[in-house]
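The file structure03.cif contains mmCIF, C-alpha atoms:
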data_query
loop_
_atom_site.label_atom_id
_atom_site.label_comp_id
_atom_site.auth_asym_id
_atom_site.auth_seq_id
_atom_site.Cartn_x
_atom_site.Cartn_y
_atom_site.Cartn_z
CA MET A 947 -61.37 58.91 -43.76
CA ALA A 948 -60.54 55.21 -43.67
CA ARG A 949 -59.61 53.52 -46.89
CA SER A 950 -61.85 50.81 -48.25
CA ALA A 951 -60.72 47.20 -48.01
CA MET A 952 -58.54 45.71 -50.69
CA PRO A 953 -60.19 43.22 -53.04
CA LYS A 954 -60.02 39.60 -51.97
CA ILE A 955 -56.60 38.26 -52.91
CA SER A 956 -56.31 35.20 -55.10
CA TRP A 957 -53.09 33.28 -54.54
CA ASP A 958 -53.85 30.60 -57.14
CA ARG A 959 -55.89 31.67 -60.15
CA HIS A 960 -58.47 34.18 -61.36
CA LEU A 961 -61.81 33.60 -63.01
CA LEU A 962 -62.06 35.27 -66.42
CA ARG A 963 -65.45 36.65 -67.29
CA SER A 964 -67.52 34.58 -69.69
CA VAL A 965 -67.45 35.61 -73.35
CA GLN A 966 -70.45 35.07 -75.64
CA ASN A 967 -71.95 32.51 -73.25
CA ALA A 968 -68.86 30.30 -73.34
CA PRO A 969 -67.98 28.60 -70.05
CA PRO A 970 -65.83 30.94 -67.93
CA ALA A 971 -62.13 30.08 -67.85
CA THR A 972 -59.48 30.53 -65.19
CA LEU A 973 -56.08 32.18 -65.42
CA PRO A 974 -53.24 31.05 -63.11
CA VAL A 975 -51.50 33.86 -61.22
CA PHE A 976 -48.12 32.92 -62.74
CA ILE A 977 -47.72 32.85 -66.53
CA TYR A 978 -44.48 31.53 -67.96
CA GLY A 979 -42.94 34.17 -70.22
CA THR A 980 -41.08 32.94 -73.30
CA ALA A 981 -39.57 36.13 -74.73
CA TRP A 982 -35.87 36.05 -75.66
CA LYS A 983 -35.47 32.32 -74.94
CA LYS A 984 -34.37 31.71 -78.56
CA ASP A 985 -33.20 28.13 -79.25
CA ARG A 986 -33.74 27.16 -75.61
CA THR A 987 -37.46 27.88 -75.82
CA ALA A 988 -38.75 24.31 -76.25
CA ASP A 989 -36.62 22.91 -73.41
CA LEU A 990 -37.52 25.76 -71.07
CA VAL A 991 -41.25 25.54 -71.79
CA HIS A 992 -41.15 21.80 -71.16
CA GLN A 993 -39.21 22.41 -67.93
CA ALA A 994 -41.65 25.10 -66.79
CA LEU A 995 -44.64 22.84 -67.39
CA ASP A 996 -42.92 19.99 -65.56
CA ALA A 997 -42.21 22.35 -62.64
CA GLY A 998 -45.90 23.26 -62.37
CA PHE A 999 -46.61 26.26 -64.58
CA ARG A 1000 -50.01 25.96 -66.23
CA ALA A 1001 -50.03 29.16 -68.28
CA ILE A 1002 -47.70 30.12 -71.14
CA ASP A 1003 -47.22 33.52 -72.81
CA THR A 1004 -45.77 33.90 -76.29
CA ALA A 1005 -46.24 36.00 -79.45
CA ALA A 1006 -46.26 35.70 -83.24
CA GLN A 1007 -43.19 37.94 -83.26
CA PRO A 1008 -40.04 36.08 -84.39
CA LYS A 1009 -37.97 39.12 -83.43
CA HIS A 1010 -38.36 38.25 -79.73
CA TYR A 1011 -40.21 34.89 -79.52
CA ARG A 1012 -39.95 31.38 -80.95
CA GLU A 1013 -43.65 30.57 -80.96
CA ASP A 1014 -42.93 27.40 -82.95
CA LEU A 1015 -40.63 26.13 -80.18
CA VAL A 1016 -43.20 27.05 -77.54
CA GLY A 1017 -45.52 24.64 -79.34
CA GLU A 1018 -42.79 22.00 -79.43
CA GLY A 1019 -42.28 22.26 -75.67
CA ILE A 1020 -46.02 21.93 -75.08
CA HIS A 1021 -46.26 18.91 -77.41
CA ARG A 1022 -43.46 17.20 -75.50
CA ALA A 1023 -45.15 17.77 -72.15
CA ILE A 1024 -48.46 16.42 -73.46
CA ARG A 1025 -46.74 13.36 -74.96
CA ASP A 1026 -45.00 12.75 -71.63
CA GLY A 1027 -48.39 12.68 -69.92
CA ALA A 1028 -47.38 15.56 -67.63
CA ILE A 1029 -50.31 17.74 -68.72
CA ARG A 1030 -53.42 17.83 -70.87
CA ARG A 1031 -54.15 20.66 -73.27
CA GLU A 1032 -57.35 21.48 -71.40
CA ASP A 1033 -55.32 22.09 -68.23
CA LEU A 1034 -53.30 24.85 -69.90
CA HIS A 1035 -53.84 28.54 -70.51
CA ILE A 1036 -51.95 29.45 -73.70
CA GLN A 1037 -51.82 33.06 -74.77
CA THR A 1038 -50.15 34.64 -77.76
CA LYS A 1039 -50.10 38.03 -79.44
CA PHE A 1040 -50.67 39.72 -82.75
CA THR A 1041 -47.79 42.14 -83.28
CA SER A 1042 -48.19 44.90 -85.84
CA VAL A 1043 -45.57 45.74 -88.49
CA ASN A 1044 -43.87 48.33 -86.28
CA GLY A 1045 -42.94 45.65 -83.73
CA GLN A 1046 -41.68 43.06 -86.22
CA ASN A 1047 -38.32 42.29 -87.78
CA PRO A 1048 -38.69 43.51 -91.39
CA ASP A 1049 -37.00 40.33 -92.64
CA ASP A 1050 -39.02 37.85 -90.57
CA MET A 1051 -42.76 38.39 -90.12
CA PRO A 1052 -45.67 35.93 -89.88
CA TYR A 1053 -47.55 37.87 -92.58
CA ASP A 1054 -47.10 40.11 -95.61
CA PRO A 1055 -46.35 43.64 -94.31
CA ASN A 1056 -47.95 45.11 -97.43
CA ALA A 1057 -51.25 43.34 -96.82
CA SER A 1058 -54.21 45.01 -95.13
CA VAL A 1059 -54.42 44.95 -91.34
CA THR A 1060 -57.28 42.45 -91.68
CA ASP A 1061 -55.20 40.06 -93.76
CA GLN A 1062 -52.19 40.49 -91.47
CA VAL A 1063 -54.27 39.49 -88.46
CA HIS A 1064 -55.74 36.44 -90.20
CA ALA A 1065 -52.27 35.28 -91.29
CA SER A 1066 -50.81 35.83 -87.82
CA ILE A 1067 -53.61 33.88 -86.13
CA LYS A 1068 -53.26 31.06 -88.67
CA SER A 1069 -49.55 30.74 -87.90
CA SER A 1070 -50.23 30.79 -84.14
CA LEU A 1071 -52.87 28.06 -84.39
CA GLU A 1072 -50.40 25.93 -86.35
CA HIS A 1073 -47.62 26.49 -83.81
CA LEU A 1074 -49.79 26.03 -80.71
CA ARG A 1075 -51.87 23.01 -81.72
CA SER A 1076 -52.05 20.19 -79.17
CA SER A 1077 -49.71 17.81 -81.01
CA ASP A 1078 -47.20 17.79 -83.83
CA ALA A 1079 -49.64 15.90 -86.05
CA PRO A 1080 -50.58 18.30 -88.91
CA GLU A 1081 -54.28 17.47 -88.68
CA SER A 1082 -54.40 18.61 -85.03
CA VAL A 1083 -54.52 22.20 -86.28
CA ASN A 1084 -58.20 21.61 -87.07
CA ASP A 1085 -58.95 21.39 -83.34
CA ALA A 1086 -56.39 23.97 -82.21
CA TYR A 1087 -57.47 26.90 -80.08
CA ILE A 1088 -55.84 29.77 -78.21
CA ASP A 1089 -57.01 30.70 -74.73
CA MET A 1090 -56.09 34.37 -75.03
CA LEU A 1091 -55.10 36.52 -78.01
CA ILE A 1092 -53.46 39.79 -77.00
CA LEU A 1093 -52.99 42.85 -79.18
CA HIS A 1094 -49.28 43.40 -78.54
CA SER A 1095 -49.58 47.19 -78.82
CA PRO A 1096 -52.22 49.57 -80.15
CA LEU A 1097 -51.80 50.23 -83.86
CA PRO A 1098 -50.85 53.75 -85.09
CA THR A 1099 -54.50 54.86 -85.31
CA MET A 1100 -57.64 53.90 -83.44
CA SER A 1101 -59.23 52.97 -86.78
CA GLN A 1102 -56.48 50.42 -87.42
CA THR A 1103 -56.65 49.17 -83.85
CA LEU A 1104 -60.41 48.61 -84.20
CA GLU A 1105 -59.90 46.89 -87.56
CA ALA A 1106 -57.49 44.40 -85.96
CA TRP A 1107 -59.78 43.90 -82.97
CA SER A 1108 -62.82 43.26 -85.15
CA VAL A 1109 -60.90 40.42 -86.82
CA PHE A 1110 -59.97 39.06 -83.40
CA GLU A 1111 -63.67 38.96 -82.51
CA THR A 1112 -64.53 36.70 -85.46
CA TYR A 1113 -62.53 33.88 -83.81
CA VAL A 1114 -64.21 34.20 -80.40
CA PRO A 1115 -65.11 31.99 -78.59
CA HIS A 1116 -64.34 28.79 -80.53
CA ARG A 1117 -60.80 29.24 -81.89
CA ILE A 1118 -59.86 32.02 -79.46
CA ARG A 1119 -61.41 31.97 -76.00
CA ASN A 1120 -60.70 35.53 -74.89
CA LEU A 1121 -58.99 38.80 -75.87
CA GLY A 1122 -56.56 41.21 -74.28
CA ILE A 1123 -54.27 44.15 -74.99
CA SER A 1124 -50.69 45.00 -74.02
CA ASN A 1125 -48.67 48.22 -73.73
CA CYS A 1126 -51.89 50.14 -73.22
CA THR A 1127 -52.74 53.47 -71.58
CA LEU A 1128 -55.87 54.12 -69.56
CA PRO A 1129 -57.44 56.55 -72.08
CA LEU A 1130 -56.97 54.04 -74.89
CA LEU A 1131 -58.32 51.17 -72.79
CA ARG A 1132 -61.44 53.19 -71.95
CA GLU A 1133 -62.02 54.13 -75.59
CA LEU A 1134 -61.41 50.62 -76.91
CA SER A 1135 -63.70 49.07 -74.30
CA SER A 1136 -66.49 51.44 -75.28
CA LEU A 1137 -66.28 50.60 -78.98
CA VAL A 1138 -65.85 46.81 -79.22
CA LYS A 1139 -68.16 43.84 -78.79
CA VAL A 1140 -65.69 41.58 -76.99
CA LYS A 1141 -64.09 43.76 -74.33
CA PRO A 1142 -60.51 43.21 -73.17
CA ALA A 1143 -60.30 40.58 -70.46
CA VAL A 1144 -56.66 41.32 -69.64
CA VAL A 1145 -54.23 44.21 -69.88
CA GLN A 1146 -50.57 43.18 -70.02
CA ASN A 1147 -48.32 46.11 -69.08
CA ARG A 1148 -44.89 46.87 -67.68
CA PHE A 1149 -45.14 47.32 -63.92
CA TYR A 1150 -42.63 50.06 -63.18
CA GLY A 1151 -42.10 53.62 -62.06
CA GLY A 1152 -42.10 54.99 -65.60
CA THR A 1153 -45.90 54.63 -65.64
CA GLN A 1154 -46.29 55.31 -61.89
CA PHE A 1155 -47.02 51.58 -61.60
CA ASP A 1156 -50.26 52.00 -63.57
CA VAL A 1157 -52.20 52.94 -60.44
CA PRO A 1158 -55.26 54.53 -62.18
CA LEU A 1159 -55.27 51.90 -64.93
CA ARG A 1160 -55.20 49.04 -62.39
CA SER A 1161 -58.05 50.66 -60.51
CA TYR A 1162 -60.06 50.79 -63.74
CA CYS A 1163 -59.26 47.13 -64.36
CA ARG A 1164 -60.49 46.16 -60.89
CA ASP A 1165 -63.72 48.09 -61.42
CA ASN A 1166 -64.34 46.53 -64.83
CA ASP A 1167 -63.47 42.88 -64.23
CA ILE A 1168 -60.22 43.06 -66.21
CA ILE A 1169 -57.15 41.10 -65.11
CA TYR A 1170 -53.92 43.10 -64.99
CA GLN A 1171 -50.89 41.12 -66.22
CA SER A 1172 -47.65 42.53 -64.85
CA PHE A 1173 -44.44 42.09 -66.81
CA TRP A 1174 -40.88 43.42 -66.39
CA THR A 1175 -41.73 43.14 -62.70
CA LEU A 1176 -38.23 42.23 -61.50
CA THR A 1177 -36.05 43.73 -64.22
CA ALA A 1178 -37.49 47.24 -63.88
CA ASN A 1179 -37.69 47.34 -60.10
CA PRO A 1180 -34.37 46.48 -58.40
CA GLU A 1181 -34.99 49.20 -55.81
CA LEU A 1182 -38.24 47.52 -54.77
CA VAL A 1183 -36.53 44.13 -54.44
CA GLN A 1184 -33.96 45.72 -52.12
CA SER A 1185 -36.52 47.67 -50.06
CA ASP A 1186 -36.98 46.97 -46.36
CA THR A 1187 -40.60 46.00 -46.99
CA ILE A 1188 -39.73 43.27 -49.48
CA GLN A 1189 -36.80 42.05 -47.41
CA LEU A 1190 -39.01 41.78 -44.32
CA LEU A 1191 -41.66 39.72 -46.09
CA ALA A 1192 -39.00 37.48 -47.65
CA SER A 1193 -37.42 36.88 -44.25
CA ARG A 1194 -40.69 36.19 -42.43
CA THR A 1195 -41.99 33.78 -45.08
CA GLU A 1196 -38.65 32.18 -46.03
CA ILE A 1197 -38.96 33.00 -49.72
CA SER A 1198 -36.66 34.96 -52.02
CA PRO A 1199 -36.95 38.75 -52.22
CA ALA A 1200 -37.93 38.35 -55.88
CA ALA A 1201 -40.78 36.04 -54.94
CA ALA A 1202 -41.81 38.43 -52.16
CA LEU A 1203 -42.13 41.23 -54.70
CA TYR A 1204 -44.20 38.97 -56.94
CA CYS A 1205 -46.54 38.15 -54.06
CA LEU A 1206 -47.04 41.78 -53.06
CA VAL A 1207 -47.91 42.66 -56.66
CA LEU A 1208 -50.43 39.82 -56.64
CA ALA A 1209 -51.84 41.23 -53.40
CA LEU A 1210 -52.80 44.45 -55.19
CA GLY A 1211 -55.80 42.54 -56.52
CA ASN A 1212 -56.98 41.21 -59.89
CA THR A 1213 -53.38 40.70 -60.93
CA THR A 1214 -51.28 38.00 -62.59
CA LEU A 1215 -47.57 38.02 -63.42
CA LEU A 1216 -45.31 36.95 -66.22
CA ASN A 1217 -42.40 34.94 -64.86
CA GLY A 1218 -39.62 34.06 -67.27
CA THR A 1219 -36.98 32.46 -65.06
CA CYS A 1220 -34.73 29.90 -66.75
CA ASN A 1221 -33.77 28.23 -63.46
CA ARG A 1222 -35.70 25.09 -62.43
CA GLY A 1223 -35.19 25.74 -58.72
CA ARG A 1224 -36.52 29.29 -58.97
CA MET A 1225 -39.50 28.07 -61.02
CA GLU A 1226 -40.50 25.70 -58.23
CA ALA A 1227 -39.79 28.18 -55.45
CA ASP A 1228 -41.74 30.99 -57.14
CA LEU A 1229 -44.75 28.74 -57.71
CA THR A 1230 -44.94 27.79 -54.03
CA ALA A 1231 -44.37 31.35 -52.72
CA PRO A 1232 -47.98 32.62 -52.99
CA GLU A 1233 -49.26 29.78 -50.82
CA LYS A 1234 -46.64 30.59 -48.19
CA VAL A 1235 -47.51 34.28 -48.22
CA GLY A 1236 -51.23 33.49 -48.17
CA ARG A 1237 -50.71 31.36 -45.07
CA PHE A 1238 -48.59 34.08 -43.45
CA SER A 1239 -51.29 36.70 -44.12
CA GLN A 1240 -53.80 34.55 -42.24
CA GLU A 1241 -51.52 33.68 -39.33
CA HIS A 1242 -50.12 37.22 -38.88
CA PRO A 1243 -52.81 39.58 -40.21
CA GLY A 1244 -51.47 42.66 -38.46
CA VAL A 1245 -47.93 42.27 -39.76
CA TRP A 1246 -49.23 41.41 -43.22
CA GLN A 1247 -51.45 44.50 -43.33
CA ARG A 1248 -48.52 46.75 -42.42
CA VAL A 1249 -46.29 45.12 -45.03
CA LEU A 1250 -48.96 45.54 -47.70
CA GLU A 1251 -49.65 49.16 -46.77
CA ASN A 1252 -45.92 49.94 -46.84
CA PHE A 1253 -45.67 48.38 -50.29
CA GLN A 1254 -48.61 50.46 -51.49
CA GLN A 1255 -46.83 53.57 -50.27
CA LEU A 1256 -43.66 52.58 -52.12
CA ILE A 1257 -45.50 52.40 -55.44
CA GLY A 1258 -47.94 55.26 -54.82
CA ASP A 1259 -50.91 52.92 -54.83
CA ARG A 1260 -54.02 54.11 -53.08
CA VAL A 1261 -57.21 52.15 -52.76
CA ALA A 1262 -60.23 54.27 -53.68
CA LEU A 1263 -62.00 55.89 -50.72
#

Could you take the file, read its structure, and then write that structure out as structure tokens?
Amino acid sequence: MARSAMPKISWDRHLLRSVQNAPPATLPVFIYGTAWKKDRTADLVHQALDAGFRAIDTAAQPKHYREDLVGEGIHRAIRDGAIRREDLHIQTKFTSVNGQNPDDMPYDPNASVTDQVHASIKSSLEHLRSSDAPESVNDAYIDMLILHSPLPTMSQTLEAWSVFETYVPHRIRNLGISNCTLPLLRELSSLVKVKPAVVQNRFYGGTQFDVPLRSYCRDNDIIYQSFWTLTANPELVQSDTIQLLASRTEISPAAALYCLVLALGNTTLLNGTCNRGRMEADLTAPEKVGRFSQEHPGVWQRVLENFQQLIGDRVAL
């Protein structure tokens, strides 16, 4: 029996479903990842925005992110006139106690989950406001708040999510979850008012590349955000399939892998490169691959099918 066609590929951005009658928003296919940038965070965020990134990912988790310096980099780009706040997608995360440094948290670890979430969101709004003027926090908003990981119990997870919902859609435009399994995603989606708009997961063999979960996301209008895409998959980067696409489109093997992940449908990627040249090259790669897919549809289809075989991905019959 022939397989059904893949979803239409977006090489630029995805439309997020409307929440509570708010105007629908778009999410660029590349999101600049700011984990582990430490003291370089502000300069790298400014550089990424100058290179053309229009989406930024961070977290209220000082252990791995400098959310305050993410805000500084954004302020600098806005002051320079390179961007406007309304042109950006800014997403951050609430990280529970288990994912925090015990000596450096954005909230009191002994407080209730509800109070922890409120304190975390307050700190994020302060860090990610549109300028360094203190009063700008009154107009600050976050495009996407992501639950960094499910909490130890579903009851606690729902408590955190219910607080998230009180900020939607005015201070927080949409909600998502990270490090999530398919059973949990199904259960959460069935119990909440504002359903997850994105799932941000590691894309790697340890989870069989999330094939069933990504299928569920496609069927339920959820955007899959792939992270650890390069770090966890050196064997894919070196595969004949990736090397062929890179050669035919004159892009790097890393960018070729990114583009084939995007081609799986309803997918965006975190990209955390610190190199200005790679930033610019990665951002132009999807357009090149999109053009190649139109000019050489037969070759493109074989490349895509070979990639699906490599990761065990099967489109539903």

Taking all atoms of range 1178-1186 of chain A that the file lists and extending 3 Å past them on each side, where is the centre of the axis-aligned box and how long are its edges? Answer in Å to one decimal, as lines of an AutoDock Vina configuration file.
center_x = -36.1
center_y = 46.7
center_z = -55.1
size_x = 10.3
size_y = 11.1
size_z = 23.5

Take the PyMOL selection byres ((chain A and resi 1215-1232) around 7), run it mentally on this structure, and tell me the resulting residues as a PyMOL selection string. chain A and resi 957+975-980+990+994+997+1171-1173+1197+1201+1205+1213-1214+1233-1236

Which residues would end up in the selection if the PyMOL selection byres ((chain A and resi 1009) around 9) were applied here, given that I need the answer as number ranges by chain? A: 982, 1006-1008, 1010-1012, 1045-1047, 1050-1051

When the PyMOL selection byres ((chain A and resi 1025-1039) around 6) is applied to the structure above, which residues does it catch, written out as a PDB file with C-alpha atoms, keeping the file's coordinate frame?
ATOM      1  CA  ARG A1000     -50.010  25.960 -66.230  1.00  0.00           C
ATOM      2  CA  ALA A1001     -50.030  29.160 -68.280  1.00  0.00           C
ATOM      3  CA  ILE A1002     -47.700  30.120 -71.140  1.00  0.00           C
ATOM      4  CA  ASP A1003     -47.220  33.520 -72.810  1.00  0.00           C
ATOM      5  CA  THR A1004     -45.770  33.900 -76.290  1.00  0.00           C
ATOM      6  CA  ALA A1005     -46.240  36.000 -79.450  1.00  0.00           C
ATOM      7  CA  ALA A1006     -46.260  35.700 -83.240  1.00  0.00           C
ATOM      8  CA  ARG A1022     -43.460  17.200 -75.500  1.00  0.00           C
ATOM      9  CA  ALA A1023     -45.150  17.770 -72.150  1.00  0.00           C
ATOM     10  CA  ILE A1024     -48.460  16.420 -73.460  1.00  0.00           C
ATOM     11  CA  PHE A1040     -50.670  39.720 -82.750  1.00  0.00           C
ATOM     12  CA  ILE A1088     -55.840  29.770 -78.210  1.00  0.00           C
ATOM     13  CA  ASP A1089     -57.010  30.700 -74.730  1.00  0.00           C
ATOM     14  CA  MET A1090     -56.090  34.370 -75.030  1.00  0.00           C
ATOM     15  CA  LEU A1091     -55.100  36.520 -78.010  1.00  0.00           C
ATOM     16  CA  ILE A1092     -53.460  39.790 -77.000  1.00  0.00           C
ATOM     17  CA  LEU A1093     -52.990  42.850 -79.180  1.00  0.00           C
ATOM     18  CA  HIS A1094     -49.280  43.400 -78.540  1.00  0.00           C
TER      19      HIS A1094
END

Quick one: everything within 12 Å of Arg1119 in chain A, counting all atoms listed in the file, minus sequence neighbours fewer than 6 positions away in the same chain. Send it as a PyMOL selection string. chain A and resi 962-973+1035-1038+1086-1092+1110-1113+1140+1142-1143

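The residue that comes closest to Ser1185 in chain A, out of A:Ala1065, A:Leu1256, A:Val1138, A:Leu995 and on the basis of all atoms listed in the file, is A:Leu1256.
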
Please build the interface table for range 1111-1227 of chain A against range 1239-1245 of chain A with a cut-off of 10 Å, listing for each qualifying residue the nearest atom pair and the distance in Å to one decimal; count only C-alpha atoms, order rows by chain and increasing number, and write it as a Markdown table.
| residue | atom | partner | partner_atom | distance |
| --- | --- | --- | --- | --- |
| A:Leu1191 | CA | A:Val1245 | CA | 9.3 |
| A:Arg1194 | CA | A:Val1245 | CA | 9.8 |
| A:Thr1195 | CA | A:Ser1239 | CA | 9.8 |

Report, in Å to a single decimal, how far apart CA of Tyr1170 in chain A and CA of Thr1099 in chain A are.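 CA of Tyr1170 in chain A lies at a distance of 23.5 Å from CA of Thr1099 in chain A.
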
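CA of His960 in chain A sits 17.1 Å away from CA of Lys1141 in chain A.
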
So how far away is CA of Phe999 in chain A from CA of Glu1018 in chain A, in Å?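 Value for the CA of Glu1018 in chain A-CA of Phe999 in chain A distance: 15.9 Å.
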
Between A:Ala1209, A:Ile1020, A:Ile1257, A:Leu1137, which residue has the minimum interatomic distance to Ser1108 in chain A, considering only C-alpha atoms?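 Closest to Ser1108 in chain A of all the choices is A:Leu1137.
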
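Minimum distance to Ile1168 in chain A across A:Thr1060, A:Ser1135, A:Asn1212, A:Asn1252 (counting only C-alpha atoms) occurs at A:Asn1212.
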
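Compared by their closest atoms to Arg1075 in chain A, and using all atoms listed in the file, the residues A:Leu1130, A:Ser1042, A:Leu1121, A:Leu1015 rank with A:Leu1015 nearest.
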
Using only C-alpha atoms, which residue out of A:Ala1200, A:Ala981, A:Gln1255, A:Lys1068 lies closest to Gln1184 in chain A?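 Among A:Ala1200, A:Ala981, A:Gln1255, A:Lys1068, it is A:Ala1200 that comes nearest to Gln1184 in chain A.
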